[in-house]
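A.B. asks: Below is the file final23.csv, which contains CSV, C-alpha atoms (C1' of nucleotides).
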```csv
chain,number,residue,atom,x,y,z
A,117,MET,CA,18.4,7.8,-2.8
A,118,GLU,CA,17.8,4.1,-2.4
A,119,LEU,CA,15.5,2.4,-4.9
A,120,SER,CA,12.8,0.0,-3.7
A,121,ARG,CA,12.8,-3.6,-4.9
A,122,THR,CA,9.8,-2.8,-7.0
A,123,SER,CA,11.8,-0.1,-8.8
A,124,TYR,CA,14.1,-2.9,-10.0
A,125,VAL,CA,11.2,-5.0,-11.1
A,126,ILE,CA,10.3,-2.0,-13.3
A,127,LEU,CA,13.8,-1.6,-14.6
A,128,GLY,CA,14.0,-5.3,-15.3
A,129,MET,CA,10.8,-5.4,-17.2
A,130,LEU,CA,11.9,-2.5,-19.3
A,131,ARG,CA,15.0,-4.4,-20.2
A,132,LEU,CA,12.8,-7.3,-21.2
A,133,GLY,CA,11.2,-5.0,-23.8
A,134,ARG,CA,8.1,-3.8,-22.0
A,135,SER,CA,7.6,-0.1,-22.3
A,136,THR,CA,4.4,1.1,-20.7
A,137,GLY,CA,3.0,0.8,-17.1
A,138,TYR,CA,0.3,-1.4,-18.4
A,139,GLU,CA,2.7,-3.8,-20.2
A,140,ILE,CA,4.9,-4.0,-17.2
A,141,LYS,CA,1.9,-4.8,-14.9
A,142,SER,CA,0.7,-7.4,-17.4
A,143,LEU,CA,4.0,-9.3,-17.4
A,144,VAL,CA,4.4,-9.0,-13.6
A,145,ASP,CA,1.0,-10.6,-13.2
A,146,VAL,CA,2.1,-13.8,-14.9
A,147,SER,CA,5.7,-14.0,-13.7
A,148,THR,CA,7.2,-12.2,-10.8
A,149,ARG,CA,3.8,-11.9,-9.1
A,150,PHE,CA,4.4,-15.2,-7.4
A,151,PHE,CA,7.4,-13.9,-5.5
A,152,TRP,CA,7.1,-10.2,-6.0
A,153,ALA,CA,3.8,-8.6,-6.8
A,154,ALA,CA,3.4,-5.0,-7.9
A,155,SER,CA,0.3,-2.8,-8.3
A,156,TYR,CA,-0.5,0.1,-10.6
A,157,GLY,CA,-0.3,2.4,-7.7
A,158,GLN,CA,3.3,1.6,-7.4
A,159,ILE,CA,4.3,1.3,-11.0
A,160,TYR,CA,3.0,4.6,-12.4
A,161,PRO,CA,4.3,6.9,-9.7
A,162,GLU,CA,7.6,4.9,-9.6
A,163,LEU,CA,8.1,5.3,-13.4
A,164,GLY,CA,7.8,9.0,-12.7
A,165,ARG,CA,10.4,9.0,-10.0
A,166,LEU,CA,12.8,6.8,-12.1
A,167,GLU,CA,12.5,9.4,-14.8
A,168,GLU,CA,13.4,12.2,-12.5
A,169,LEU,CA,16.4,10.2,-11.4
A,170,GLY,CA,17.4,9.7,-15.0
A,171,LEU,CA,17.2,5.9,-14.9
A,172,VAL,CA,14.5,5.8,-17.5
A,173,ARG,CA,13.5,8.0,-20.4
A,174,GLY,CA,9.8,8.5,-21.1
A,175,LYS,CA,8.0,10.1,-24.0
A,176,PRO,CA,4.4,10.6,-24.9
A,177,ASP,CA,3.5,7.8,-27.4
A,178,GLU,CA,0.8,8.4,-30.0
A,179,SER,CA,1.4,5.2,-32.0
A,180,SER,CA,-1.9,3.9,-30.7
A,181,GLY,CA,-5.0,5.9,-30.5
A,182,ARG,CA,-4.7,6.0,-26.8
A,183,ARG,CA,-2.9,8.8,-24.9
A,184,ARG,CA,0.0,7.1,-23.1
A,185,ARG,CA,3.6,7.3,-22.1
A,186,SER,CA,6.3,4.9,-23.2
A,187,TYR,CA,9.6,4.4,-21.3
A,188,GLU,CA,13.0,2.9,-22.0
A,189,LEU,CA,16.1,2.3,-19.9
A,190,THR,CA,18.9,4.9,-20.0
A,191,GLU,CA,22.5,4.0,-19.7
A,192,GLU,CA,22.4,4.9,-16.1
A,193,GLY,CA,19.3,2.7,-15.7
A,194,GLU,CA,21.1,-0.3,-17.2
A,195,ARG,CA,23.9,0.3,-14.8
A,196,ALA,CA,21.7,0.5,-11.8
A,197,LEU,CA,19.9,-2.7,-12.7
A,198,ASP,CA,23.2,-4.6,-13.2
A,199,GLU,CA,24.6,-3.3,-9.9
A,200,TRP,CA,21.5,-4.5,-8.1
A,201,LEU,CA,21.7,-7.9,-9.8
A,202,THR,CA,25.2,-8.5,-8.7
A,203,SER,CA,25.2,-6.8,-5.3
A,204,THR,CA,25.7,-8.9,-2.2
A,205,GLU,CA,23.4,-7.0,0.2
A,206,ALA,CA,21.2,-9.0,2.4
A,207,LEU,CA,18.2,-10.2,0.5
A,208,HIS,CA,14.7,-9.2,1.5
A,209,PHE,CA,12.5,-12.1,2.4
A,210,GLU,CA,8.9,-11.9,3.6
A,211,LEU,CA,6.1,-14.4,3.9
A,212,ARG,CA,2.4,-13.7,4.6
A,213,HIS,CA,0.6,-17.0,5.3
A,214,GLU,CA,-2.9,-16.7,6.8
A,215,GLY,CA,-3.2,-20.5,7.1
A,216,LEU,CA,-0.2,-20.8,9.4
A,217,LEU,CA,-1.4,-17.8,11.3
A,218,LYS,CA,-4.7,-19.5,12.0
A,219,LEU,CA,-2.9,-22.7,13.1
A,220,PHE,CA,-0.8,-20.6,15.4
A,221,PHE,CA,-3.9,-19.5,17.3
A,222,SER,CA,-5.7,-22.8,17.0
A,223,ASP,CA,-4.4,-24.4,20.2
A,224,SER,CA,-7.7,-23.8,21.9
A,225,LEU,CA,-9.5,-25.6,19.1
A,226,PRO,CA,-10.2,-29.4,18.9
A,227,PRO,CA,-7.7,-31.5,16.9
A,228,GLU,CA,-10.2,-32.2,14.1
A,229,GLU,CA,-10.4,-28.5,13.5
A,230,ARG,CA,-6.7,-28.3,13.2
A,231,ALA,CA,-6.7,-31.2,10.7
A,232,ALA,CA,-9.3,-29.3,8.7
A,233,GLN,CA,-7.1,-26.3,8.7
A,234,TRP,CA,-4.2,-28.3,7.2
A,235,ARG,CA,-6.5,-29.5,4.5
A,236,ARG,CA,-7.6,-26.0,3.6
A,237,ILE,CA,-4.0,-24.9,3.4
A,238,ARG,CA,-3.2,-27.9,1.1
A,239,ALA,CA,-6.1,-27.0,-1.2
A,240,GLU,CA,-4.7,-23.5,-1.7
A,241,HIS,CA,-1.2,-24.7,-2.5
A,242,GLU,CA,-2.6,-27.3,-4.8
A,243,ARG,CA,-4.3,-24.6,-6.7
A,244,MET,CA,-1.1,-22.5,-6.9
A,245,ALA,CA,0.9,-25.5,-8.0
A,246,GLU,CA,-1.7,-26.1,-10.7
A,247,GLN,CA,-1.5,-22.5,-11.8
A,248,LEU,CA,2.3,-22.6,-12.1
A,249,ARG,CA,2.2,-25.8,-14.1
A,250,SER,CA,-0.2,-24.2,-16.5
A,251,ILE,CA,2.3,-21.5,-17.1
A,252,ALA,CA,5.2,-23.9,-17.6
A,253,PRO,CA,4.5,-25.0,-21.3
A,254,ASN,CA,4.4,-21.4,-22.3
A,255,ALA,CA,7.6,-20.6,-20.5
A,256,ARG,CA,9.4,-23.6,-21.9
A,257,ALA,CA,8.3,-22.6,-25.5
A,258,ALA,CA,9.6,-19.1,-24.9
A,259,ALA,CA,12.8,-20.4,-23.5
A,260,SER,CA,13.7,-22.6,-26.4
A,261,GLU,CA,12.6,-20.0,-28.9
A,262,ARG,CA,14.7,-17.0,-27.8
A,263,GLY,CA,17.3,-18.4,-25.4
A,264,PRO,CA,16.7,-18.6,-21.6
A,265,GLY,CA,14.2,-15.6,-21.9
A,266,MET,CA,11.7,-16.1,-19.1
A,267,PRO,CA,13.8,-17.9,-16.5
A,268,LEU,CA,12.5,-21.4,-16.3
A,269,GLU,CA,14.7,-22.0,-13.2
A,270,VAL,CA,12.6,-19.8,-11.1
A,271,LEU,CA,9.3,-21.3,-12.3
A,272,GLU,CA,10.6,-24.7,-11.6
A,273,PHE,CA,11.5,-23.7,-8.1
A,274,GLY,CA,8.0,-22.3,-7.6
A,275,ILE,CA,6.5,-25.7,-8.6
A,276,ALA,CA,8.8,-27.6,-6.3
A,277,TYR,CA,8.1,-25.1,-3.5
A,278,GLN,CA,4.3,-25.5,-3.8
A,279,ASP,CA,4.6,-29.3,-4.0
A,280,PHE,CA,6.7,-29.4,-0.9
A,281,ILE,CA,4.0,-27.5,1.1
A,282,VAL,CA,1.3,-29.8,-0.3
A,283,ASP,CA,3.2,-32.9,0.8
A,284,TYR,CA,3.9,-31.4,4.2
A,285,CYS,CA,0.2,-30.7,4.7
A,286,LYS,CA,-0.7,-34.3,3.8
A,287,ARG,CA,1.6,-35.6,6.4
A,288,MET,CA,0.1,-33.3,9.0
A,289,GLU,CA,-3.4,-34.2,8.1
A,290,ALA,CA,-2.6,-37.9,8.7
A,291,GLU,CA,-0.9,-37.1,11.9
A,292,GLU,CA,-3.7,-34.9,13.3
A,293,ASP,CA,-5.8,-37.7,14.8
B,257,MET,CA,-16.6,-3.7,8.4
B,258,GLU,CA,-14.0,-6.4,7.5
B,259,LEU,CA,-11.1,-6.8,9.8
B,260,SER,CA,-7.6,-7.1,8.5
B,261,ARG,CA,-5.5,-10.2,9.1
B,262,THR,CA,-3.4,-8.2,11.4
B,263,SER,CA,-6.4,-7.4,13.5
B,264,TYR,CA,-6.8,-11.0,14.2
B,265,VAL,CA,-3.1,-11.2,15.2
B,266,ILE,CA,-3.9,-8.6,17.8
B,267,LEU,CA,-7.0,-10.4,19.0
B,268,GLY,CA,-5.1,-13.7,19.2
B,269,MET,CA,-2.3,-12.1,21.1
B,270,LEU,CA,-4.7,-10.7,23.6
B,271,ARG,CA,-6.2,-14.1,24.1
B,272,LEU,CA,-2.7,-15.4,24.8
B,273,GLY,CA,-2.5,-13.0,27.7
B,274,ARG,CA,-0.7,-10.0,26.2
B,275,SER,CA,-2.3,-6.7,27.0
B,276,THR,CA,-0.3,-3.7,25.6
B,277,GLY,CA,0.8,-2.7,22.2
B,278,TYR,CA,4.3,-3.2,23.2
B,279,GLU,CA,3.7,-6.7,24.6
B,280,ILE,CA,1.9,-7.7,21.5
B,281,LYS,CA,4.6,-6.5,19.2
B,282,SER,CA,7.3,-8.3,21.3
B,283,LEU,CA,5.6,-11.6,21.0
B,284,VAL,CA,4.8,-11.1,17.3
B,285,ASP,CA,8.5,-10.5,16.8
B,286,VAL,CA,9.5,-14.0,18.1
B,287,SER,CA,6.6,-15.9,16.7
B,288,THR,CA,4.2,-15.0,14.0
B,289,ARG,CA,6.7,-12.6,12.5
B,290,PHE,CA,8.0,-15.5,10.3
B,291,PHE,CA,4.7,-15.8,8.5
B,292,TRP,CA,2.9,-12.6,9.5
B,293,ALA,CA,4.8,-9.6,10.6
B,294,ALA,CA,3.2,-6.5,12.2
B,295,SER,CA,4.6,-3.0,13.0
B,296,TYR,CA,3.8,-0.5,15.7
B,297,GLY,CA,2.3,1.7,13.0
B,298,GLN,CA,-0.4,-1.1,12.5
B,299,ILE,CA,-0.8,-2.3,16.1
B,300,TYR,CA,-1.5,1.0,17.9
B,301,PRO,CA,-4.0,2.5,15.5
B,302,GLU,CA,-5.6,-0.9,15.1
B,303,LEU,CA,-6.1,-1.4,18.9
B,304,GLY,CA,-8.0,1.9,18.7
B,305,ARG,CA,-10.2,0.8,15.9
B,306,LEU,CA,-10.9,-2.6,17.6
B,307,GLU,CA,-11.9,-0.7,20.7
B,308,GLU,CA,-14.4,1.5,18.8
B,309,LEU,CA,-15.8,-1.7,17.3
B,310,GLY,CA,-16.2,-3.1,20.8
B,311,LEU,CA,-14.0,-6.1,20.2
B,312,VAL,CA,-11.5,-5.1,22.8
B,313,ARG,CA,-11.8,-3.0,26.0
B,314,GLY,CA,-8.9,-0.7,26.9
B,315,LYS,CA,-8.1,1.2,30.0
B,316,PRO,CA,-5.3,3.5,31.2
B,317,ASP,CA,-2.9,1.4,33.2
B,318,GLU,CA,-0.8,3.1,36.0
B,319,SER,CA,0.6,-0.2,37.5
B,320,SER,CA,4.0,0.8,36.0
B,321,GLY,CA,5.6,4.2,36.2
B,322,ARG,CA,4.9,4.6,32.5
B,323,ARG,CA,1.8,6.1,31.0
B,324,ARG,CA,0.2,3.3,29.0
B,325,ARG,CA,-3.0,1.6,27.9
B,326,SER,CA,-3.9,-2.0,28.6
B,327,TYR,CA,-6.4,-4.0,26.6
B,328,GLU,CA,-8.4,-7.2,26.9
B,329,LEU,CA,-10.8,-9.1,24.7
B,330,THR,CA,-14.5,-8.5,25.0
B,331,GLU,CA,-17.1,-11.3,24.5
B,332,GLU,CA,-17.6,-10.0,21.0
B,333,GLY,CA,-13.9,-10.0,20.4
B,334,GLU,CA,-13.6,-13.7,21.5
B,335,ARG,CA,-16.4,-14.5,19.1
B,336,ALA,CA,-14.9,-12.6,16.2
B,337,LEU,CA,-11.6,-14.5,16.7
B,338,ASP,CA,-13.2,-17.9,16.8
B,339,GLU,CA,-15.2,-17.1,13.7
B,340,TRP,CA,-12.1,-16.2,11.8
B,341,LEU,CA,-10.3,-19.3,13.1
B,342,THR,CA,-12.9,-21.7,11.8
B,343,SER,CA,-14.0,-19.8,8.7
B,344,THR,CA,-13.4,-21.4,5.3
B,345,GLU,CA,-12.7,-18.2,3.3
B,346,ALA,CA,-9.8,-18.3,0.8
B,347,LEU,CA,-6.5,-17.9,2.7
B,348,HIS,CA,-4.3,-15.0,2.0
B,349,PHE,CA,-0.8,-16.0,0.8
B,350,GLU,CA,2.0,-13.8,-0.3
B,351,LEU,CA,5.7,-14.2,-0.8
B,352,ARG,CA,8.3,-11.5,-1.3
B,353,HIS,CA,11.6,-13.0,-2.3
B,354,GLU,CA,14.3,-10.7,-3.6
B,355,GLY,CA,16.7,-13.6,-4.4
B,356,LEU,CA,14.2,-15.2,-6.8
B,357,LEU,CA,13.5,-11.8,-8.3
B,358,LYS,CA,17.2,-11.3,-9.0
B,359,LEU,CA,17.4,-14.8,-10.6
B,360,PHE,CA,14.4,-14.0,-12.7
B,361,PHE,CA,16.3,-11.0,-14.3
B,362,SER,CA,19.7,-12.8,-14.4
B,363,ASP,CA,19.3,-14.3,-17.8
B,364,SER,CA,21.7,-11.8,-19.2
B,365,LEU,CA,24.3,-12.7,-16.6
B,366,PRO,CA,27.0,-15.4,-16.9
B,367,PRO,CA,26.1,-18.8,-15.3
B,368,GLU,CA,28.7,-18.4,-12.5
B,369,GLU,CA,26.8,-15.3,-11.4
B,370,ARG,CA,23.6,-17.3,-11.2
B,371,ALA,CA,25.3,-20.0,-9.2
B,372,ALA,CA,26.6,-17.3,-6.9
B,373,GLN,CA,23.0,-16.0,-6.5
B,374,TRP,CA,21.8,-19.4,-5.5
B,375,ARG,CA,24.6,-19.5,-2.9
B,376,ARG,CA,23.5,-16.1,-1.5
B,377,ILE,CA,19.9,-17.3,-1.3
B,378,ARG,CA,21.0,-20.4,0.5
B,379,ALA,CA,23.0,-18.4,3.0
B,380,GLU,CA,19.9,-16.4,4.0
B,381,HIS,CA,17.7,-19.4,4.5
B,382,GLU,CA,20.4,-21.2,6.5
B,383,ARG,CA,20.4,-18.2,8.7
B,384,MET,CA,16.6,-18.3,9.1
B,385,ALA,CA,16.6,-22.1,9.8
B,386,GLU,CA,19.2,-21.5,12.4
B,387,GLN,CA,17.1,-18.8,14.0
B,388,LEU,CA,14.0,-21.0,14.1
B,389,ARG,CA,16.0,-23.8,15.6
B,390,SER,CA,17.2,-21.5,18.4
B,391,ILE,CA,13.6,-20.7,19.3
B,392,ALA,CA,12.6,-24.4,19.3
B,393,PRO,CA,13.9,-25.4,22.8
B,394,ASN,CA,12.1,-22.5,24.3
B,395,ALA,CA,8.9,-23.3,22.5
B,396,ARG,CA,9.1,-27.0,23.5
B,397,ALA,CA,9.6,-26.1,27.1
B,398,ALA,CA,6.6,-23.8,27.0
B,399,ALA,CA,4.6,-26.5,25.3
B,400,SER,CA,5.2,-29.2,27.9
B,401,GLU,CA,4.7,-26.8,30.7
B,402,ARG,CA,1.3,-25.4,29.9
B,403,GLY,CA,-0.1,-27.6,27.3
B,404,PRO,CA,0.2,-26.9,23.5
B,405,GLY,CA,0.7,-23.2,24.3
B,406,MET,CA,2.9,-21.8,21.6
B,407,PRO,CA,2.1,-24.0,18.7
B,408,LEU,CA,5.1,-26.2,18.0
B,409,GLU,CA,3.5,-27.5,14.8
B,410,VAL,CA,3.9,-24.2,13.1
B,411,LEU,CA,7.5,-23.8,14.2
B,412,GLU,CA,8.3,-27.2,13.0
B,413,PHE,CA,6.8,-26.4,9.7
B,414,GLY,CA,9.0,-23.3,9.5
B,415,ILE,CA,12.1,-25.4,10.0
B,416,ALA,CA,11.2,-27.9,7.4
B,417,TYR,CA,10.3,-25.1,5.0
B,418,GLN,CA,13.6,-23.4,5.4
B,419,ASP,CA,15.5,-26.7,5.1
B,420,PHE,CA,13.6,-27.5,1.9
B,421,ILE,CA,14.8,-24.2,0.3
B,422,VAL,CA,18.3,-24.7,1.5
B,423,ASP,CA,18.4,-28.2,-0.1
B,424,TYR,CA,16.9,-26.9,-3.3
B,425,CYS,CA,19.6,-24.2,-3.5
B,426,LYS,CA,22.4,-26.8,-3.0
B,427,ARG,CA,21.0,-28.8,-5.9
B,428,MET,CA,20.9,-25.7,-8.1
B,429,GLU,CA,24.4,-24.6,-7.2
B,430,ALA,CA,25.7,-28.0,-8.3
B,431,GLU,CA,23.7,-27.9,-11.5
B,432,GLU,CA,24.8,-24.4,-12.4
B,433,ASP,CA,28.0,-25.3,-14.2
C,185,DC,C1',24.9,9.0,46.0
C,186,DG,C1',24.2,12.3,41.6
C,187,DC,C1',25.4,11.9,36.3
C,188,DT,C1',25.7,9.9,32.1
C,189,DT,C1',24.6,6.5,29.0
C,190,DG,C1',22.3,2.9,27.1
C,191,DA,C1',18.4,-0.3,27.2
C,192,DT,C1',13.5,-0.6,27.6
C,193,DG,C1',8.7,0.8,27.0
C,194,DT,C1',5.0,3.5,24.7
C,195,DA,C1',3.5,5.8,20.9
C,196,DT,C1',3.2,8.8,16.7
C,197,DC,C1',4.3,10.5,11.9
C,198,DT,C1',5.6,10.4,7.1
C,199,DC,C1',5.5,8.5,3.1
C,200,DC,C1',4.6,4.5,0.2
C,201,DG,C1',1.7,0.7,-1.5
C,202,DT,C1',-2.8,-1.9,-2.1
C,203,DG,C1',-7.1,-2.4,-4.0
C,204,DA,C1',-10.7,-0.1,-5.9
C,205,DT,C1',-12.4,2.7,-9.1
C,206,DA,C1',-12.6,6.2,-13.1
C,207,DT,C1',-12.3,6.9,-17.8
C,208,DA,C1',-11.1,6.3,-22.6
C,209,DT,C1',-10.6,3.3,-26.6
C,210,DT,C1',-11.0,-0.7,-29.3
C,211,DG,C1',-12.9,-5.1,-31.0
C,212,DC,C1',-16.6,-8.0,-31.7
C,213,DC,C1',-21.2,-9.7,-32.6
C,214,DG,C1',-25.5,-9.4,-34.6
D,274,DC,C1',-23.0,0.5,-37.5
D,275,DG,C1',-24.7,0.4,-32.6
D,276,DG,C1',-24.1,-1.5,-28.2
D,277,DC,C1',-21.3,-4.0,-24.9
D,278,DA,C1',-17.4,-6.4,-23.3
D,279,DA,C1',-12.6,-6.4,-23.1
D,280,DT,C1',-8.5,-3.8,-23.1
D,281,DA,C1',-5.6,0.1,-21.9
D,282,DT,C1',-4.1,3.9,-19.0
D,283,DA,C1',-4.1,6.1,-14.9
D,284,DT,C1',-5.5,8.1,-10.2
D,285,DC,C1',-7.3,8.1,-5.4
D,286,DA,C1',-8.4,6.9,-0.5
D,287,DC,C1',-7.0,4.6,3.0
D,288,DG,C1',-4.1,1.5,5.6
D,289,DG,C1',0.6,-0.1,6.7
D,290,DA,C1',6.1,-0.1,7.3
D,291,DG,C1',9.9,1.9,9.1
D,292,DA,C1',11.8,5.6,11.3
D,293,DT,C1',11.8,8.5,14.8
D,294,DA,C1',10.4,10.8,19.3
D,295,DC,C1',10.1,10.8,23.9
D,296,DA,C1',9.8,9.0,28.5
D,297,DT,C1',11.4,5.9,32.1
D,298,DC,C1',14.5,2.7,34.2
D,299,DA,C1',19.0,0.4,35.2
D,300,DA,C1',23.8,0.3,35.5
D,301,DG,C1',28.2,1.8,36.0
D,302,DC,C1',31.4,5.3,37.6
D,303,DG,C1',33.7,9.0,39.9
```
Would you mind writing the structure in this file as structure tokens?
C.D. replies:
Amino acid sequence: MELSRTSYVILGMLRLGRSTGYEIKSLVDVSTRFFWAASYGQIYPELGRLEELGLVRGKPDESSGRRRRSYELTEEGERALDEWLTSTEALHFELRHEGLLKLFFSDSLPPEERAAQWRRIRAEHERMAEQLRSIAPNARAAASERGPGMPLEVLEFGIAYQDFIVDYCKRMEAEED
Amino acid sequence: MELSRTSYVILGMLRLGRSTGYEIKSLVDVSTRFFWAASYGQIYPELGRLEELGLVRGKPDESSGRRRRSYELTEEGERALDEWLTSTEALHFELRHEGLLKLFFSDSLPPEERAAQWRRIRAEHERMAEQLRSIAPNARAAASERGPGMPLEVLEFGIAYQDFIVDYCKRMEAEED
DNA sequence: CGCTTGATGTATCTCCGTGATATATTGCCG
DNA sequence: CGGCAATATATCACGGAGATACATCAAGCG
């Protein structure tokens, strides 16, 4: 009964103190989303499966006016999470990059079209770099407040990563004529 | 009736002279796979849909002993492909990186564990860089033989991309103690 | 040569995930 | 305090990933 990577996202978010599907999704959307996205359609059914497996414990929660279900990690869930964190299995890596895909098929097109494509790619990554930088102050505050907390390291990697692509695009734009 | 990105992969591969689902998948697996993977479970049904839409024309092909179906682009398929290649819609981008995910949740872990994680990530990307470099001679030969052909530009981006991550990991390993 | 075995080629099937949507509750503004 | 936007919770329809099935071909072996 292998767990999916997204299952571990859920376990991890529970450890970080989130307790409902909604809260998990909200945090994912401003953090892991950039290197591991997750949708409601995964999170809710997966919380159910994890409960059946005994990795999380859920109970109906009436503390708010809304009907909802709150979860927490079980001992076994904690253990499963730690095992995954320290395991040395091959790491899943996957990239979906429409811009590169278009370039791949752009041989038939004139060079100015290819330069334009590099420019469009750059624009997207500039946008993402921007977005990450806007998260940074928040993350830094959280980090100094309650210890490492929301791993800055990963955020900083993200920024360097986007910047690298932006620079590469600039070089290609210059070259492409 | 929006086409998926993978539909365009198929159209593009047909333009490059591939004609069966198997041939398309084979080329994908040594080229676009690194920034846009595709599975049989996508390719075969999608060829069917594209035929219904009139973007490809398929016929039973008895030239080999095997029962199979060959496809080619229609005029309309050519047009759809070109339109996509030059359109300025926002580009889809998505990353799935298990190593970063683990780091994100590794706050609770001792620093030497985090350094180990950066090392594991580096190992994966070194492997991928290697793999791309092994494709390069082939691609260069193809390029000089029949013009641009198999876009070198994209391959070279891939190598630089992997190298960037490898270098970044090295820096983090050094820092992590 | 006939047989076995593994590689290649072609395709489908099951189950999971994505993105959209449904529905309920709360907060806010006049 | 009525109406509407924002928030919160969840499900559904459809497409896609990975595994598997099945057929053909090639290669070695007695």
A.B. asks: Taking (-4.5, 9.9, -12.3) in the file's coordinates, which residues come within 12 Å, counting only C-alpha atoms (C1' of nucleotides), written as a VMD selection string?
C.D. replies: (chain A and resid 156 to 157 160 to 161) or (chain C and resid 205 to 207) or (chain D and resid 282 to 285)
A.B. asks: Those residues with C-alpha atoms (C1' of nucleotides), as a short mmCIF file (atom, residue, chain, number, x, y, z; two decimals), keeping the file's coordinate frame please?
C.D. replies:
```
data_model
loop_
_atom_site.label_atom_id
_atom_site.label_comp_id
_atom_site.auth_asym_id
_atom_site.auth_seq_id
_atom_site.Cartn_x
_atom_site.Cartn_y
_atom_site.Cartn_z
CA TYR A 156 -0.50 0.10 -10.60
CA GLY A 157 -0.30 2.40 -7.70
CA TYR A 160 3.00 4.60 -12.40
CA PRO A 161 4.30 6.90 -9.70
"C1'" DT C 205 -12.40 2.70 -9.10
"C1'" DA C 206 -12.60 6.20 -13.10
"C1'" DT C 207 -12.30 6.90 -17.80
"C1'" DT D 282 -4.10 3.90 -19.00
"C1'" DA D 283 -4.10 6.10 -14.90
"C1'" DT D 284 -5.50 8.10 -10.20
"C1'" DC D 285 -7.30 8.10 -5.40
#
```
A.B. asks: Check which residues of chain A sit at most 9 Å from chain C using only C-alpha atoms (C1' of nucleotides), and return one row each with the closest pair of atoms and their distance in Å to one decimal, ordered by chain and rising number, as a Markdown table.
C.D. replies:
```
| residue | atom | partner | partner_atom | distance |
| --- | --- | --- | --- | --- |
| A:Ala154 | CA | C:DG201 | C1' | 8.7 |
| A:Ser155 | CA | C:DT202 | C1' | 7.0 |
| A:Gly157 | CA | C:DG201 | C1' | 6.7 |
| A:Gln158 | CA | C:DG201 | C1' | 6.2 |
| A:Gly181 | CA | C:DT209 | C1' | 7.3 |
| A:Arg182 | CA | C:DT209 | C1' | 6.5 |
| A:Arg183 | CA | C:DA208 | C1' | 8.9 |
```
A.B. asks: Give me the chain A side of the contact with chain B, cut-off 8 Å, one line per residue showing its nearest atom pair and distance in Å at one decimal, counting all atoms listed in the file, sorted by chain and residue number, as a Markdown table.
C.D. replies:
```
| residue | atom | partner | partner_atom | distance |
| --- | --- | --- | --- | --- |
| A:Arg121 | CA | B:Glu354 | CA | 7.4 |
| A:Val125 | CA | B:Leu357 | CA | 7.7 |
| A:Gly128 | CA | B:Phe361 | CA | 6.2 |
| A:Thr148 | CA | B:Leu357 | CA | 6.8 |
| A:Phe150 | CA | B:Leu351 | CA | 6.8 |
| A:Phe151 | CA | B:Arg352 | CA | 4.9 |
| A:Trp152 | CA | B:Arg352 | CA | 5.0 |
| A:Ala153 | CA | B:Arg352 | CA | 7.7 |
| A:Leu201 | CA | B:Lys358 | CA | 5.7 |
| A:Thr202 | CA | B:Glu369 | CA | 7.5 |
| A:Thr204 | CA | B:Arg376 | CA | 7.6 |
| A:Ala206 | CA | B:Glu380 | CA | 7.7 |
| A:Leu207 | CA | B:Glu354 | CA | 5.7 |
| A:His208 | CA | B:Glu354 | CA | 5.3 |
| A:Phe209 | CA | B:His353 | CA | 4.9 |
| A:Glu210 | CA | B:Arg352 | CA | 5.0 |
| A:Leu211 | CA | B:Leu351 | CA | 4.7 |
| A:Arg212 | CA | B:Glu350 | CA | 4.9 |
| A:His213 | CA | B:Phe349 | CA | 4.8 |
| A:Glu214 | CA | B:His348 | CA | 5.3 |
| A:Gly215 | CA | B:Leu347 | CA | 6.1 |
| A:Leu216 | CA | B:Val410 | CA | 6.5 |
| A:Leu217 | CA | B:Thr288 | CA | 6.8 |
| A:Lys218 | CA | B:Leu341 | CA | 5.7 |
| A:Leu219 | CA | B:Val410 | CA | 7.0 |
| A:Phe220 | CA | B:Pro407 | CA | 5.6 |
| A:Phe221 | CA | B:Gly268 | CA | 6.2 |
| A:Ser222 | CA | B:Leu341 | CA | 7.0 |
| A:Asp223 | CA | B:Pro404 | CA | 6.2 |
| A:Glu229 | CA | B:Thr342 | CA | 7.4 |
| A:Arg236 | CA | B:Thr344 | CA | 7.6 |
| A:Ile237 | CA | B:Leu347 | CA | 7.5 |
| A:Glu240 | CA | B:Leu347 | CA | 7.3 |
| A:Pro264 | CA | B:Asp363 | CA | 6.3 |
| A:Gly265 | CA | B:Asp363 | CA | 6.7 |
| A:Met266 | CA | B:Phe360 | CA | 7.3 |
| A:Pro267 | CA | B:Phe360 | CA | 5.5 |
| A:Val270 | CA | B:Phe360 | CA | 6.3 |
| A:Phe273 | CA | B:Tyr424 | CA | 7.9 |
| A:Tyr277 | CA | B:Ile421 | CA | 7.8 |
| A:Phe280 | CA | B:Phe420 | CA | 7.7 |
| A:Ile281 | CA | B:Tyr417 | CA | 7.8 |
| A:Tyr284 | CA | B:Phe413 | CA | 8.0 |
```
A.B. asks: With 9 Å as the cut-off and all atoms listed in the file counted, what is the closest atom pair between each nearby residue of chain D and chain B? Distances in Å to one decimal, ordered by chain and number, as a Markdown table.
C.D. replies:
```
| residue | atom | partner | partner_atom | distance |
| --- | --- | --- | --- | --- |
| D:DG288 | C1' | B:Gln298 | CA | 8.2 |
| D:DG289 | C1' | B:Gln298 | CA | 6.0 |
| D:DA290 | C1' | B:Ser295 | CA | 6.6 |
| D:DG291 | C1' | B:Ser295 | CA | 8.2 |
| D:DA296 | C1' | B:Arg322 | CA | 7.7 |
| D:DT297 | C1' | B:Arg322 | CA | 6.6 |
```
A.B. asks: So what do you get for CA of Glu386 in chain B versus CA of Glu412 in chain B, distance-wise?
C.D. replies: 12.3 Å
A.B. asks: For the atom pair CA of Ile391 in chain B and CA of Arg235 in chain A, what is the interatomic distance in Å to one decimal place?
C.D. replies: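 Interatomic distance, CA of Ile391 in chain B to CA of Arg235 in chain A: 26.5 Å.
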